[in-house]
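Single-structure report; data block below.
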Amino acid sequence: MIIKNDAASFDSYIKDASNYKGFCDKVLLPETVEDIVSIVKECSASKTPISIAGNGTGLNGGRVPEGGVVISMERMNKVIGFDAQSLTAEVEAGVMLADFLQATDLKNFFYPPDPTEKNCFIGATISTNASGARTFGYGSTRAFVKEIEVVLADEEIIHLRRGEIFAENNKLDFTSLSGKQYSLSLPEFTMPQVKNTAGYCISENVDAIDLFIGSEGTLGIITRAKLMLLKKPESVVSALAFFADEEQALAFSQTLRNYAKAKRDQSGALINPCAIEFFDNNSLIFLKPKYSSIPLGAHSAVWLEQNCLSAEYDQLLEMYGEALSDSNALDDIWFAFEHKDYERLSSFRHSISDMVNEYISKNGFRKLGTDAAVPEENFREFYFFNKELMKSNNMDYVFYGHIGNCHLHLNMLPKNENEFAKGKMLYREICQKAVELNGTVSAEHGIGKMKREYFYLMYSDEVIKGMAKIKSTLDPHNILNRGNIFYEEDLV
């Protein structure tokens, strides 16, 4: 195990991509589960906070320490193996997603979860239930986690397999590898029926593994996982379409959603996109310096992707072409016919996030990027509420993201401290509106430390205290990722 005691050597471990910064006493780089157990044992005895650090790609301060020690998982980075028969892979928590995707591709496998930043660690994607563009078609990380190994705050190790342990009547019981028994009382409430990573995944009969997935390191330290894989797609249809009118782009997005619903109901045609992404006019203007080939007259854009059989490819191209024509897309449609074309579209999709992060970092602010999602029937109301709020407050912004899931990111671009302060107030208004519309304040980035006040808008005091009691039961000294999700006064 490597120990870093010099503050100058661990500056990169005390911040994340949102420009949120913290502090700690030392950074520890364990290489084995036994190393982690020894760290937890020592910190538990002294009640020293432990922050579990991914690779710093998060956007909510979740991995940023506020004292104590940091555990970086970077040296626990082995892909343990693939099983072609069960279509699974076993990995340590510090494996970088980009490396894992490359390894699966070489084995002719496919791992669908695709957060925008591929330099994240697998363990962190499980801890945050990460998602991305393909969540529309495949679901979030949770859908692909079969097993996890977790070190708890009392040094015990648990091994959870999907489908083995379920809550009964809001009571969840499980046992550690050494035989220690745990019993949790789960609060009774209904989670938003949207893409959601705000708080713990709880239902009356929840699978134990799902309680830990998305718990943001507050319940235990994920050390390894077994992940479900799919067979590598034979072909991919990918296209970026531009529209002269925003309403046309919104309508086309809805058309694609309708196609996907029909296909999933086994009543539709071949069209069944796994990703539908939207870019508003401000986003295209923001991207124009890097992508001068954005056509003149383009006001909005929609990117789509669908995995398919090779025998379906030509027919799907024709069908998508007809759908785009019927939706009045501009003639300049960027289809990916070769690998370089696909890379171009992928780069376009991810550039907007990178450029926003660069802008925020350059101007020295923390990121003001919303992560709200609402039910489909409330999406248009929420979309235009956001736009009108920005216009009436003269705030520069870009609006883009996962329109398939009715989940867009509105990134405010403040030019000075006064605008940043105003932006924080507007952010709260947006979160309140999302909750009013039966949505969530965090669809994919989690709560961390930066979004706690918005998390408290979503649930009653009783529900929040019920969630906090789960953490207090498993982590009575509140040493694991202290400050994530809950305010300290709610932890008994």
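The way I read the labels, and the way they are meant: chains A, B, ... in the order of the structure tokens, residue 1 as the first residue of every chain, and ligand 1 as the first ligand shown, with later ones counted on from there.
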Check: Excluding same-chain residues fewer than 3 positions from Tyr313 of chain A, what lies within 10 Å of it counting only C-alpha atoms, as a list of chain:residue names?
Finding: A:Glu234, A:Ser235, A:Val236, A:Val237, A:Leu270, A:Gln306, A:Asn307, A:Cys308, A:Leu309, A:Ser310, A:Leu316, A:Leu317, A:Glu318, A:Met319
For those residues, write N, CA and C atoms to a file as a short mmCIF file (atom, residue, chain, number, x, y, z; two decimals), in the first residue's frame.
```cif
data_model
loop_
_atom_site.label_atom_id
_atom_site.label_comp_id
_atom_site.auth_asym_id
_atom_site.auth_seq_id
_atom_site.Cartn_x
_atom_site.Cartn_y
_atom_site.Cartn_z
N GLU A 234 -23.56 -6.32 -34.20
CA GLU A 234 -23.02 -6.53 -35.54
C GLU A 234 -22.85 -5.20 -36.28
N SER A 235 -23.81 -4.31 -36.11
CA SER A 235 -23.77 -3.01 -36.81
C SER A 235 -24.36 -1.94 -35.89
N VAL A 236 -24.03 -0.70 -36.22
CA VAL A 236 -24.55 0.45 -35.47
C VAL A 236 -25.01 1.51 -36.45
N VAL A 237 -26.25 1.97 -36.27
CA VAL A 237 -26.74 3.13 -37.01
C VAL A 237 -26.57 4.34 -36.10
N LEU A 270 -38.73 -1.70 -37.13
CA LEU A 270 -37.35 -1.95 -36.71
C LEU A 270 -36.76 -0.81 -35.89
N GLN A 306 -28.53 3.33 -32.79
CA GLN A 306 -29.21 2.06 -32.61
C GLN A 306 -28.28 0.92 -33.00
N ASN A 307 -28.13 -0.04 -32.12
CA ASN A 307 -27.40 -1.26 -32.44
C ASN A 307 -28.34 -2.21 -33.18
N CYS A 308 -27.80 -2.93 -34.16
CA CYS A 308 -28.67 -3.78 -34.97
C CYS A 308 -27.89 -4.93 -35.59
N LEU A 309 -28.63 -5.85 -36.19
CA LEU A 309 -28.03 -6.91 -36.98
C LEU A 309 -27.57 -6.35 -38.32
N SER A 310 -26.53 -6.94 -38.88
CA SER A 310 -26.04 -6.47 -40.18
C SER A 310 -27.12 -6.54 -41.25
N LEU A 316 -32.79 -0.11 -41.92
CA LEU A 316 -32.88 0.89 -40.87
C LEU A 316 -32.42 2.26 -41.36
N LEU A 317 -31.34 2.28 -42.13
CA LEU A 317 -30.89 3.56 -42.70
C LEU A 317 -32.00 4.22 -43.50
N GLU A 318 -32.66 3.43 -44.31
CA GLU A 318 -33.74 3.96 -45.12
C GLU A 318 -34.89 4.46 -44.24
N MET A 319 -35.24 3.71 -43.23
CA MET A 319 -36.33 4.09 -42.35
C MET A 319 -36.01 5.36 -41.57
#
```
Discussion item. Give me, as a list in words, all polymer residues having an atom no more than 9 Å from Lys41 of chain A, counting only C-alpha atoms and skipping those fewer than 5 positions away in the same chain.
Written reply: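 My list of contacting residues is Ile36, Ser46, Ala153, Asp154 and Glu155 of chain A.
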Can you write just those residues out, C-alpha atoms, as a compact mmCIF listing (two decimals), in the first residue's frame?
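And here is the file that came out, again.txt:
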```
# COMPACT_ATOMS: atom_id res chain seq x y z
CA ILE A 36 -8.78 -1.66 2.81
CA SER A 46 -10.21 6.73 15.77
CA ALA A 153 -17.47 0.48 8.19
CA ASP A 154 -17.06 -2.20 10.89
CA GLU A 155 -14.37 -3.99 8.79
```
Ser140 of chain A proximity check over A:Phe243, A:Tyr383, A:Phe10, A:Tyr111, using only C-alpha atoms: winner is A:Tyr111
Atom CA of Ala89 of chain A to atom CA of Leu101 of chain A measures 11.2 Å
- Item | Residues within 12 Å of Phe189 of chain A, only C-alpha atoms, excluding chain neighbours under 2 positions, as a ChimeraX atom specification | /A:170,186-187,191-192,200-204,458-464,466-467
Open item on the list: Run DSSP on the backbone and tell me which residues of segment 134-373 of chain A come out as strand (DSSP E); list them as an MDAnalysis selection string.
Closed with: chainID A and resid 145:151 157:161 171:175 181:185 221:228 230:231 235:243 275:279 300:308 334:335
query: Between A:Ala241, A:Ala84, A:Leu211, A:Ile333, which has the minimum distance to Arg142 of chain A (counting only C-alpha atoms)?
result: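 So, comparing all the options, the nearest one is A:Leu211.
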**Study point:** Selection: 10 Å around Gly214 of chain A, only C-alpha atoms, excl. self and same-chain fewer than 4 positions, as a list in words
**Key:**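 Neighbouring residues, sequence-local ones excluded: Ala124, Thr125, Ile126, Ser127, Thr128, Asn129, Ala130, Thr141, Arg142, Asn196, Thr197, Ala198, Gly199, Tyr200, Cys201, Ile209, Asp210, Thr218, Leu219, Glu444, His445, Gly446 and Ile447 of chain A.
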Output as JSON lines one row per residue of segment 296-350 of chain A within 7 Å of segment 272-277 of chain A: the closest atom pair and its distance in Å to one decimal place, counting only C-alpha atoms, sorted by chain and residue number ascending.
```
{"residue": "A:Val302", "atom": "CA", "partner": "A:Glu277", "partner_atom": "CA", "distance": 5.5}
{"residue": "A:Trp303", "atom": "CA", "partner": "A:Glu277", "partner_atom": "CA", "distance": 5.0}
{"residue": "A:Leu304", "atom": "CA", "partner": "A:Ile276", "partner_atom": "CA", "distance": 4.7}
{"residue": "A:Glu305", "atom": "CA", "partner": "A:Ala275", "partner_atom": "CA", "distance": 5.2}
{"residue": "A:Gln306", "atom": "CA", "partner": "A:Pro273", "partner_atom": "CA", "distance": 4.5}
```
Exercise. Got a sec: who's within 8 Å of Arg452 of chain A, counting only C-alpha atoms, leaving out chain neighbours fewer than 2 positions off, as a ChimeraX atom specification?
Worked result: /A:447-450,454-456,484-487
Save the residues we just selected, N, CA and C atoms, as a PDB file, in the first residue's frame?
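As written to disk, result33.pdb reads:
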```pdb
ATOM      1  N   ILE A 447     -26.029  12.846  -5.556  1.00  0.00           N
ATOM      2  CA  ILE A 447     -26.196  14.022  -4.699  1.00  0.00           C
ATOM      3  C   ILE A 447     -24.847  14.578  -4.253  1.00  0.00           C
ATOM      4  N   GLY A 448     -23.960  13.693  -3.791  1.00  0.00           N
ATOM      5  CA  GLY A 448     -22.664  14.154  -3.318  1.00  0.00           C
ATOM      6  C   GLY A 448     -22.817  15.167  -2.205  1.00  0.00           C
ATOM      7  N   LYS A 449     -21.958  16.181  -2.232  1.00  0.00           N
ATOM      8  CA  LYS A 449     -22.011  17.257  -1.245  1.00  0.00           C
ATOM      9  C   LYS A 449     -22.652  18.520  -1.809  1.00  0.00           C
ATOM     10  N   MET A 450     -22.569  18.682  -3.115  1.00  0.00           N
ATOM     11  CA  MET A 450     -23.042  19.923  -3.717  1.00  0.00           C
ATOM     12  C   MET A 450     -24.556  20.005  -3.865  1.00  0.00           C
ATOM     13  N   TYR A 454     -30.810  20.322  -2.436  1.00  0.00           N
ATOM     14  CA  TYR A 454     -31.838  20.007  -3.423  1.00  0.00           C
ATOM     15  C   TYR A 454     -32.439  18.621  -3.157  1.00  0.00           C
ATOM     16  N   PHE A 455     -31.626  17.717  -2.653  1.00  0.00           N
ATOM     17  CA  PHE A 455     -32.114  16.397  -2.272  1.00  0.00           C
ATOM     18  C   PHE A 455     -33.202  16.523  -1.212  1.00  0.00           C
ATOM     19  N   TYR A 456     -33.012  17.466  -0.298  1.00  0.00           N
ATOM     20  CA  TYR A 456     -33.977  17.656   0.780  1.00  0.00           C
ATOM     21  C   TYR A 456     -35.289  18.252   0.285  1.00  0.00           C
ATOM     22  N   ASN A 484     -21.664  13.178   2.103  1.00  0.00           N
ATOM     23  CA  ASN A 484     -22.423  12.811   0.913  1.00  0.00           C
ATOM     24  C   ASN A 484     -23.882  12.542   1.277  1.00  0.00           C
ATOM     25  N   ILE A 485     -24.767  13.072   0.497  1.00  0.00           N
ATOM     26  CA  ILE A 485     -26.221  12.869   0.558  1.00  0.00           C
ATOM     27  C   ILE A 485     -26.868  13.576   1.743  1.00  0.00           C
ATOM     28  N   PHE A 486     -26.378  13.302   2.985  1.00  0.00           N
ATOM     29  CA  PHE A 486     -27.064  13.778   4.187  1.00  0.00           C
ATOM     30  C   PHE A 486     -26.299  14.895   4.894  1.00  0.00           C
ATOM     31  N   TYR A 487     -27.048  15.754   5.564  1.00  0.00           N
ATOM     32  CA  TYR A 487     -26.447  16.664   6.527  1.00  0.00           C
ATOM     33  C   TYR A 487     -26.184  15.886   7.809  1.00  0.00           C
TER      34      TYR A 487
END
```
Quiz item: How many Å separate atom CA of Thr370 of chain A from atom CA of Pro49 of chain A?
Solution: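 Separation of atom CA of Thr370 of chain A and atom CA of Pro49 of chain A: 28.6 Å.
If you measure from each of A:Ala373, A:Leu250, A:Ala17, A:Ala8 to Val356 of chain A using only C-alpha atoms, the closest one turns out to be A:Ala17.
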| message | Calculated over only C-alpha atoms, which of the candidates A:Ser442, A:Thr473, A:Thr116, A:Thr32 has the smallest distance to Ser185 of chain A? | response |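 Selected residue with least distance to Ser185 of chain A: A:Thr473.
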_Residues near segment 476-480 of chain A, anyone? I mean within 8 Å using only C-alpha atoms, not counting same-chain ones fewer than 3 positions away, as a ChimeraX atom specification._
/A:43-44,47-52,153,217-220,471-473,491-492
Based on the selection just made, write C-alpha atoms of those residues as a PDB file, in the first residue's frame.
```pdb
ATOM      1  CA  CYS A  43     -10.127   4.777  11.000  1.00  0.00           C
ATOM      2  CA  SER A  44     -13.111   3.229  12.752  1.00  0.00           C
ATOM      3  CA  LYS A  47     -13.488   7.825  14.093  1.00  0.00           C
ATOM      4  CA  THR A  48     -11.462   9.301  11.242  1.00  0.00           C
ATOM      5  CA  PRO A  49     -13.489  10.111   8.092  1.00  0.00           C
ATOM      6  CA  ILE A  50     -12.701   8.111   4.952  1.00  0.00           C
ATOM      7  CA  SER A  51     -13.404   9.487   1.476  1.00  0.00           C
ATOM      8  CA  ILE A  52     -13.394   6.863  -1.264  1.00  0.00           C
ATOM      9  CA  ALA A 153     -17.470   0.484   8.194  1.00  0.00           C
ATOM     10  CA  GLY A 217     -19.847   5.250  -0.874  1.00  0.00           C
ATOM     11  CA  THR A 218     -21.891   6.043   2.225  1.00  0.00           C
ATOM     12  CA  LEU A 219     -22.759   2.439   3.098  1.00  0.00           C
ATOM     13  CA  GLY A 220     -19.565   0.590   2.197  1.00  0.00           C
ATOM     14  CA  LYS A 471     -26.420   4.685   7.010  1.00  0.00           C
ATOM     15  CA  SER A 472     -26.240   5.109  10.787  1.00  0.00           C
ATOM     16  CA  THR A 473     -26.944   1.402  11.284  1.00  0.00           C
ATOM     17  CA  LEU A 491     -27.264  10.950  11.152  1.00  0.00           C
ATOM     18  CA  VAL A 492     -27.909   9.532  14.611  1.00  0.00           C
TER      19      VAL A 492
END
```
